[in-house]
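Novice: Dropping a structure here in structure tokens format, bear with me for questions.
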Amino acid sequence: MSLNEYIDHKPTIETDRLILRPLLPSDTDALKEWMPDKSIYTYWGKNPGRAEKDPALLFEKIAKPAKSFHLGIADKRTNKVIGDIWVYRIEQNRMATVALRLAKKVHGRGYGTESLSAMTKFCFEKTELKRLWTEVDVRNTASCRILEKCGYTREGLIRQGRMVNTWCDYYIYGILDTDFRI
Ligand SMILES: CC(C)(COP(=O)(O)OP(=O)(O)OC[C@H]1O[C@@H](n2cnc3c(N)ncnc32)[C@H](O)[C@@H]1OP(=O)(O)O)[C@@H](O)C(=O)NCCC(=O)NCCS
């Protein structure tokens, strides 16, 4: 399938312990447990927004599906959603940004690395994407670490640049499909 086909028919990606899959209205209670937690957004330059405080809003009318992947990260044993991951800002089906967040109570168990690695593999093996990248606040050590473990290169430092709603020093991390195949 091409990237455009996956945009219309969102993929499900399985790892050893997780399933990355489209979010469903039946996930609302699970999302409510962690999505409003302010601490997740410390390095995002924002507070929880309306839909994060009230995840039921995520399932209200979507006139036109966004050109992105937004998948829930579910624990395979329970099917409970413990985080989510995006591939967005897709440019000419060649370059896209990645981002993810996990419930605080599951941090440090390797789920971030497992999710990002699976999504990166999917993008390069199943779609035409050639570059994935992201911006990371320099203080966000866990995020830098998982990106590096997944093969992303720290490509640069932006000093006091704009990240979402804040101004901070942030790194650019990127990976090419050719890096991935090495
Ligand atoms: C970033 C995030 C997804 C990482 O998920 P996770 O499941 O905790 O990550 P992992 O367990 O796979 O790996 C975390 C790594 O960072 C390291 N780490 C975590 N906090 C650290 C700290 N304060 N200092 C040094 N290393 C740290 C861990 O030791 C681990 O590395 P190791 O495997 O070499 O020991 C999670 O912290 C999160 O959701 N943060 C809030 C949202 C966010 O900032 N998202 C990233 C922006 S896109």
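Residue names in the structure tokens use chain letters A, B, ... in the order shown, residue numbers from 1 in each chain, and ligand numbers from 1 in the order shown.
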Please list as a PDB file with C-alpha atoms, in the first residue's frame every residue within 9 Å of segment 129-145 of chain A, counting only C-alpha atoms and excluding residues in the same chain fewer than 4 positions away.
Specialist:
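around.pdb, written as the output of this step:
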ATOM      1  CA  LEU A   3       1.348   6.301   2.063  1.00  0.00           C
ATOM      2  CA  THR A  42       6.526  19.898  30.406  1.00  0.00           C
ATOM      3  CA  TYR A  43       8.731  19.958  27.308  1.00  0.00           C
ATOM      4  CA  TRP A  44       6.000  20.514  24.728  1.00  0.00           C
ATOM      5  CA  VAL A  87       3.489  10.988  12.039  1.00  0.00           C
ATOM      6  CA  ILE A  90       3.869  15.113   5.905  1.00  0.00           C
ATOM      7  CA  GLN A  92       5.203  15.642  -0.497  1.00  0.00           C
ATOM      8  CA  ASN A  93       5.029  12.092   0.904  1.00  0.00           C
ATOM      9  CA  ARG A  94       8.783  12.331   1.452  1.00  0.00           C
ATOM     10  CA  MET A  95       9.377  13.911   4.862  1.00  0.00           C
ATOM     11  CA  ALA A  96       7.351  13.858   8.080  1.00  0.00           C
ATOM     12  CA  THR A  97       7.594  14.711  11.769  1.00  0.00           C
ATOM     13  CA  VAL A  98       7.225  12.104  14.539  1.00  0.00           C
ATOM     14  CA  ALA A  99       6.041  12.632  18.111  1.00  0.00           C
ATOM     15  CA  GLY A 108      10.993   3.881  31.832  1.00  0.00           C
ATOM     16  CA  GLY A 112       8.785   4.678  24.105  1.00  0.00           C
ATOM     17  CA  THR A 113      11.696   3.034  22.316  1.00  0.00           C
ATOM     18  CA  THR A 120      10.029   4.282  12.102  1.00  0.00           C
ATOM     19  CA  CYS A 123       7.318   4.329   7.645  1.00  0.00           C
ATOM     20  CA  PHE A 124      10.474   3.260   5.839  1.00  0.00           C
ATOM     21  CA  GLU A 125       9.451  -0.276   4.945  1.00  0.00           C
ATOM     22  CA  LYS A 149      18.340   4.336  20.554  1.00  0.00           C
ATOM     23  CA  CYS A 150      16.095   4.229  17.462  1.00  0.00           C
ATOM     24  CA  TYR A 152      17.992   9.133  14.865  1.00  0.00           C
ATOM     25  CA  ARG A 154      21.143  14.817  16.439  1.00  0.00           C
ATOM     26  CA  LEU A 157      20.676  22.826  17.947  1.00  0.00           C
ATOM     27  CA  MET A 163       8.477  25.108  19.882  1.00  0.00           C
ATOM     28  CA  CYS A 168      13.497  27.291  24.131  1.00  0.00           C
ATOM     29  CA  ASP A 169      16.730  25.669  23.048  1.00  0.00           C
ATOM     30  CA  TYR A 170      15.856  22.556  21.103  1.00  0.00           C
ATOM     31  CA  TYR A 171      17.577  19.862  19.096  1.00  0.00           C
ATOM     32  CA  ILE A 172      16.612  18.645  15.659  1.00  0.00           C
ATOM     33  CA  TYR A 173      16.778  14.864  15.364  1.00  0.00           C
ATOM     34  CA  GLY A 174      16.390  13.127  12.002  1.00  0.00           C
ATOM     35  CA  ILE A 175      16.695   9.745  10.326  1.00  0.00           C
ATOM     36  CA  LEU A 176      16.762   8.823   6.639  1.00  0.00           C
ATOM     37  CA  ASP A 177      15.525   5.611   5.099  1.00  0.00           C
ATOM     38  CA  THR A 178      19.143   4.952   4.071  1.00  0.00           C
TER      39      THR A 178
END
Novice: Considering only helix (DSSP H, G or I) as DSSP defines it on the backbone, what residues of chain A qualify? List them as an mmCIF file with N, CA and C atoms, in the first residue's frame.
Specialist:
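Result file result.cif:
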data_model
loop_
_atom_site.group_PDB
_atom_site.id
_atom_site.type_symbol
_atom_site.label_atom_id
_atom_site.label_comp_id
_atom_site.auth_asym_id
_atom_site.auth_seq_id
_atom_site.Cartn_x
_atom_site.Cartn_y
_atom_site.Cartn_z
ATOM 1 N N LEU A 3 1.586 5.436 0.901
ATOM 2 C CA LEU A 3 1.348 6.301 2.063
ATOM 3 C C LEU A 3 -0.088 6.828 2.046
ATOM 4 N N ASN A 4 -0.544 7.284 0.878
ATOM 5 C CA ASN A 4 -1.905 7.846 0.808
ATOM 6 C C ASN A 4 -2.957 6.803 1.185
ATOM 7 N N GLU A 5 -2.733 5.575 0.784
ATOM 8 C CA GLU A 5 -3.697 4.522 1.145
ATOM 9 C C GLU A 5 -3.694 4.273 2.658
ATOM 10 N N TYR A 6 -2.503 4.332 3.262
ATOM 11 C CA TYR A 6 -2.436 4.161 4.718
ATOM 12 C C TYR A 6 -3.060 5.342 5.454
ATOM 13 N N ILE A 7 -3.014 6.516 4.834
ATOM 14 C CA ILE A 7 -3.651 7.678 5.474
ATOM 15 C C ILE A 7 -5.165 7.429 5.543
ATOM 16 N N ASP A 8 -5.705 6.863 4.461
ATOM 17 C CA ASP A 8 -7.151 6.590 4.440
ATOM 18 C C ASP A 8 -7.511 5.372 5.281
ATOM 19 N N PRO A 25 -13.653 5.342 20.230
ATOM 20 C CA PRO A 25 -14.415 5.961 21.319
ATOM 21 C C PRO A 25 -14.374 5.114 22.599
ATOM 22 N N SER A 26 -14.271 3.801 22.446
ATOM 23 C CA SER A 26 -14.232 2.946 23.642
ATOM 24 C C SER A 26 -12.923 3.091 24.430
ATOM 25 N N ASP A 27 -11.945 3.830 23.879
ATOM 26 C CA ASP A 27 -10.692 4.087 24.598
ATOM 27 C C ASP A 27 -10.798 5.307 25.515
ATOM 28 N N THR A 28 -11.923 6.021 25.469
ATOM 29 C CA THR A 28 -12.021 7.304 26.180
ATOM 30 C C THR A 28 -11.645 7.198 27.658
ATOM 31 N N ASP A 29 -12.159 6.212 28.362
ATOM 32 C CA ASP A 29 -11.864 6.109 29.807
ATOM 33 C C ASP A 29 -10.370 5.901 30.056
ATOM 34 N N ALA A 30 -9.747 5.082 29.233
ATOM 35 C CA ALA A 30 -8.304 4.844 29.385
ATOM 36 C C ALA A 30 -7.534 6.138 29.118
ATOM 37 N N LEU A 31 -7.938 6.887 28.116
ATOM 38 C CA LEU A 31 -7.250 8.140 27.777
ATOM 39 C C LEU A 31 -7.381 9.164 28.909
ATOM 40 N N LYS A 32 -8.573 9.169 29.537
ATOM 41 C CA LYS A 32 -8.821 10.129 30.631
ATOM 42 C C LYS A 32 -7.857 9.923 31.786
ATOM 43 N N GLU A 33 -7.348 8.711 31.930
ATOM 44 C CA GLU A 33 -6.457 8.412 33.064
ATOM 45 C C GLU A 33 -5.122 9.136 32.964
ATOM 46 N N TRP A 34 -4.671 9.433 31.734
ATOM 47 C CA TRP A 34 -3.330 10.032 31.640
ATOM 48 C C TRP A 34 -3.249 11.277 30.750
ATOM 49 N N LYS A 38 -0.587 17.130 33.368
ATOM 50 C CA LYS A 38 0.250 18.266 32.945
ATOM 51 C C LYS A 38 1.715 17.890 32.746
ATOM 52 N N SER A 39 2.192 16.941 33.551
ATOM 53 C CA SER A 39 3.631 16.655 33.537
ATOM 54 C C SER A 39 4.094 16.102 32.186
ATOM 55 N N ILE A 40 3.175 15.517 31.428
ATOM 56 C CA ILE A 40 3.544 14.967 30.113
ATOM 57 C C ILE A 40 3.954 16.098 29.159
ATOM 58 N N TYR A 41 3.423 17.310 29.423
ATOM 59 C CA TYR A 41 3.592 18.408 28.462
ATOM 60 C C TYR A 41 4.712 19.369 28.854
ATOM 61 N N ARG A 50 -8.017 21.326 25.187
ATOM 62 C CA ARG A 50 -9.419 20.918 25.460
ATOM 63 C C ARG A 50 -9.608 19.418 25.297
ATOM 64 N N ALA A 51 -9.105 18.884 24.182
ATOM 65 C CA ALA A 51 -9.320 17.458 23.912
ATOM 66 C C ALA A 51 -8.496 16.579 24.860
ATOM 67 N N GLU A 52 -7.380 17.135 25.357
ATOM 68 C CA GLU A 52 -6.579 16.344 26.298
ATOM 69 C C GLU A 52 -7.247 16.292 27.671
ATOM 70 N N LYS A 53 -7.944 17.387 28.000
ATOM 71 C CA LYS A 53 -8.667 17.386 29.276
ATOM 72 C C LYS A 53 -9.938 16.553 29.169
ATOM 73 N N PRO A 55 -10.936 13.747 26.566
ATOM 74 C CA PRO A 55 -10.598 12.979 25.369
ATOM 75 C C PRO A 55 -11.801 12.552 24.517
ATOM 76 N N ALA A 56 -13.013 12.608 25.076
ATOM 77 C CA ALA A 56 -14.196 12.269 24.259
ATOM 78 C C ALA A 56 -14.269 13.193 23.040
ATOM 79 N N LEU A 57 -13.720 14.409 23.178
ATOM 80 C CA LEU A 57 -13.761 15.368 22.057
ATOM 81 C C LEU A 57 -12.964 14.879 20.854
ATOM 82 N N LEU A 58 -12.012 13.982 21.106
ATOM 83 C CA LEU A 58 -11.205 13.457 19.998
ATOM 84 C C LEU A 58 -12.057 12.718 18.978
ATOM 85 N N PHE A 59 -13.228 12.264 19.425
ATOM 86 C CA PHE A 59 -14.040 11.417 18.545
ATOM 87 C C PHE A 59 -15.220 12.168 17.956
ATOM 88 N N LYS A 104 2.498 8.715 32.319
ATOM 89 C CA LYS A 104 3.648 8.825 33.216
ATOM 90 C C LYS A 104 3.926 7.501 33.946
ATOM 91 N N LYS A 105 2.864 6.805 34.324
ATOM 92 C CA LYS A 105 3.087 5.606 35.144
ATOM 93 C C LYS A 105 3.761 4.467 34.381
ATOM 94 N N VAL A 106 3.840 4.570 33.039
ATOM 95 C CA VAL A 106 4.529 3.507 32.297
ATOM 96 C C VAL A 106 5.892 3.952 31.758
ATOM 97 N N TYR A 111 8.796 1.257 26.570
ATOM 98 C CA TYR A 111 7.680 1.349 25.616
ATOM 99 C C TYR A 111 7.888 2.464 24.586
ATOM 100 N N GLY A 112 8.538 3.565 25.039
ATOM 101 C CA GLY A 112 8.785 4.678 24.105
ATOM 102 C C GLY A 112 9.687 4.216 22.972
ATOM 103 N N THR A 113 10.758 3.535 23.329
ATOM 104 C CA THR A 113 11.696 3.034 22.316
ATOM 105 C C THR A 113 11.000 2.016 21.405
ATOM 106 N N GLU A 114 10.215 1.131 22.006
ATOM 107 C CA GLU A 114 9.537 0.082 21.229
ATOM 108 C C GLU A 114 8.539 0.691 20.227
ATOM 109 N N SER A 115 7.813 1.719 20.666
ATOM 110 C CA SER A 115 6.813 2.347 19.784
ATOM 111 C C SER A 115 7.476 3.117 18.654
ATOM 112 N N LEU A 116 8.475 3.937 19.020
ATOM 113 C CA LEU A 116 9.116 4.777 18.004
ATOM 114 C C LEU A 116 9.862 3.918 16.987
ATOM 115 N N SER A 117 10.499 2.881 17.478
ATOM 116 C CA SER A 117 11.231 2.006 16.577
ATOM 117 C C SER A 117 10.274 1.317 15.588
ATOM 118 N N ALA A 118 9.126 0.869 16.095
ATOM 119 C CA ALA A 118 8.159 0.186 15.214
ATOM 120 C C ALA A 118 7.562 1.161 14.199
ATOM 121 N N MET A 119 7.268 2.392 14.638
ATOM 122 C CA MET A 119 6.690 3.369 13.713
ATOM 123 C C MET A 119 7.705 3.769 12.640
ATOM 124 N N THR A 120 8.970 3.911 13.054
ATOM 125 C CA THR A 120 10.029 4.282 12.102
ATOM 126 C C THR A 120 10.191 3.172 11.053
ATOM 127 N N LYS A 121 10.200 1.941 11.516
ATOM 128 C CA LYS A 121 10.324 0.783 10.615
ATOM 129 C C LYS A 121 9.153 0.753 9.634
ATOM 130 N N PHE A 122 7.963 0.950 10.174
ATOM 131 C CA PHE A 122 6.773 0.937 9.321
ATOM 132 C C PHE A 122 6.897 2.001 8.215
ATOM 133 N N CYS A 123 7.262 3.223 8.618
ATOM 134 C CA CYS A 123 7.318 4.329 7.645
ATOM 135 C C CYS A 123 8.309 4.033 6.519
ATOM 136 N N PHE A 124 9.464 3.480 6.863
ATOM 137 C CA PHE A 124 10.474 3.260 5.839
ATOM 138 C C PHE A 124 10.231 1.976 5.043
ATOM 139 N N GLU A 125 9.642 0.988 5.671
ATOM 140 C CA GLU A 125 9.451 -0.276 4.945
ATOM 141 C C GLU A 125 8.150 -0.314 4.166
ATOM 142 N N LYS A 126 7.129 0.418 4.647
ATOM 143 C CA LYS A 126 5.806 0.278 4.021
ATOM 144 C C LYS A 126 5.342 1.514 3.262
ATOM 145 N N THR A 141 15.614 14.711 28.309
ATOM 146 C CA THR A 141 16.627 13.648 28.188
ATOM 147 C C THR A 141 16.034 12.319 27.733
ATOM 148 N N ALA A 142 14.866 11.962 28.251
ATOM 149 C CA ALA A 142 14.280 10.661 27.894
ATOM 150 C C ALA A 142 13.968 10.623 26.398
ATOM 151 N N SER A 143 13.470 11.741 25.873
ATOM 152 C CA SER A 143 13.127 11.782 24.452
ATOM 153 C C SER A 143 14.390 11.696 23.591
ATOM 154 N N CYS A 144 15.438 12.454 23.973
ATOM 155 C CA CYS A 144 16.708 12.389 23.217
ATOM 156 C C CYS A 144 17.221 10.951 23.208
ATOM 157 N N ARG A 145 17.116 10.325 24.361
ATOM 158 C CA ARG A 145 17.657 8.963 24.509
ATOM 159 C C ARG A 145 16.910 7.971 23.599
ATOM 160 N N ILE A 146 15.581 8.057 23.587
ATOM 161 C CA ILE A 146 14.863 7.065 22.754
ATOM 162 C C ILE A 146 15.124 7.326 21.270
ATOM 163 N N LEU A 147 15.227 8.589 20.889
ATOM 164 C CA LEU A 147 15.518 8.891 19.480
ATOM 165 C C LEU A 147 16.864 8.298 19.089
ATOM 166 N N GLU A 148 17.855 8.473 19.964
ATOM 167 C CA GLU A 148 19.188 7.942 19.659
ATOM 168 C C GLU A 148 19.163 6.414 19.622
ATOM 169 N N LYS A 149 18.416 5.811 20.548
ATOM 170 C CA LYS A 149 18.340 4.336 20.554
ATOM 171 C C LYS A 149 17.666 3.815 19.283
ATOM 172 N N ASP A 177 15.766 7.031 5.367
ATOM 173 C CA ASP A 177 15.525 5.611 5.099
ATOM 174 C C ASP A 177 16.849 4.884 4.871
ATOM 175 N N THR A 178 17.848 5.599 4.325
ATOM 176 C CA THR A 178 19.143 4.952 4.071
ATOM 177 C C THR A 178 19.895 4.690 5.384
ATOM 178 N N ASP A 179 19.743 5.545 6.388
ATOM 179 C CA ASP A 179 20.358 5.281 7.708
ATOM 180 C C ASP A 179 19.740 4.008 8.278
ATOM 181 N N PHE A 180 18.436 3.904 8.091
ATOM 182 C CA PHE A 180 17.680 2.826 8.709
ATOM 183 C C PHE A 180 18.109 1.464 8.177
ATOM 184 N N ARG A 181 18.493 1.428 6.888
ATOM 185 C CA ARG A 181 18.816 0.133 6.272
ATOM 186 C C ARG A 181 20.240 -0.325 6.571
#
Novice: For atom CA of Asp84 of chain A and atom CA of Arg17 of chain A, determine how far apart the two atoms are, in Å to one decimal place.
Specialist: 14.6 Å
Novice: Counting only C-alpha atoms and all ligand atoms, which of A:Val164, A:Ala103, A:Ile158, A:Leu18 gets nearest to ligand 1?
Specialist: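 When distances to ligand 1 are compared using only C-alpha atoms and all ligand atoms, the smallest one comes from A:Ala103.
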Novice: Could you go through segment 13-145 of chain A and tell me which residues DSSP, when run on the backbone, assigns to strand (DSSP E or B), listing them as an MDAnalysis selection string?
Specialist: chainID A and resid 13:14 18:21 69:75 81:91 95:102 131:137
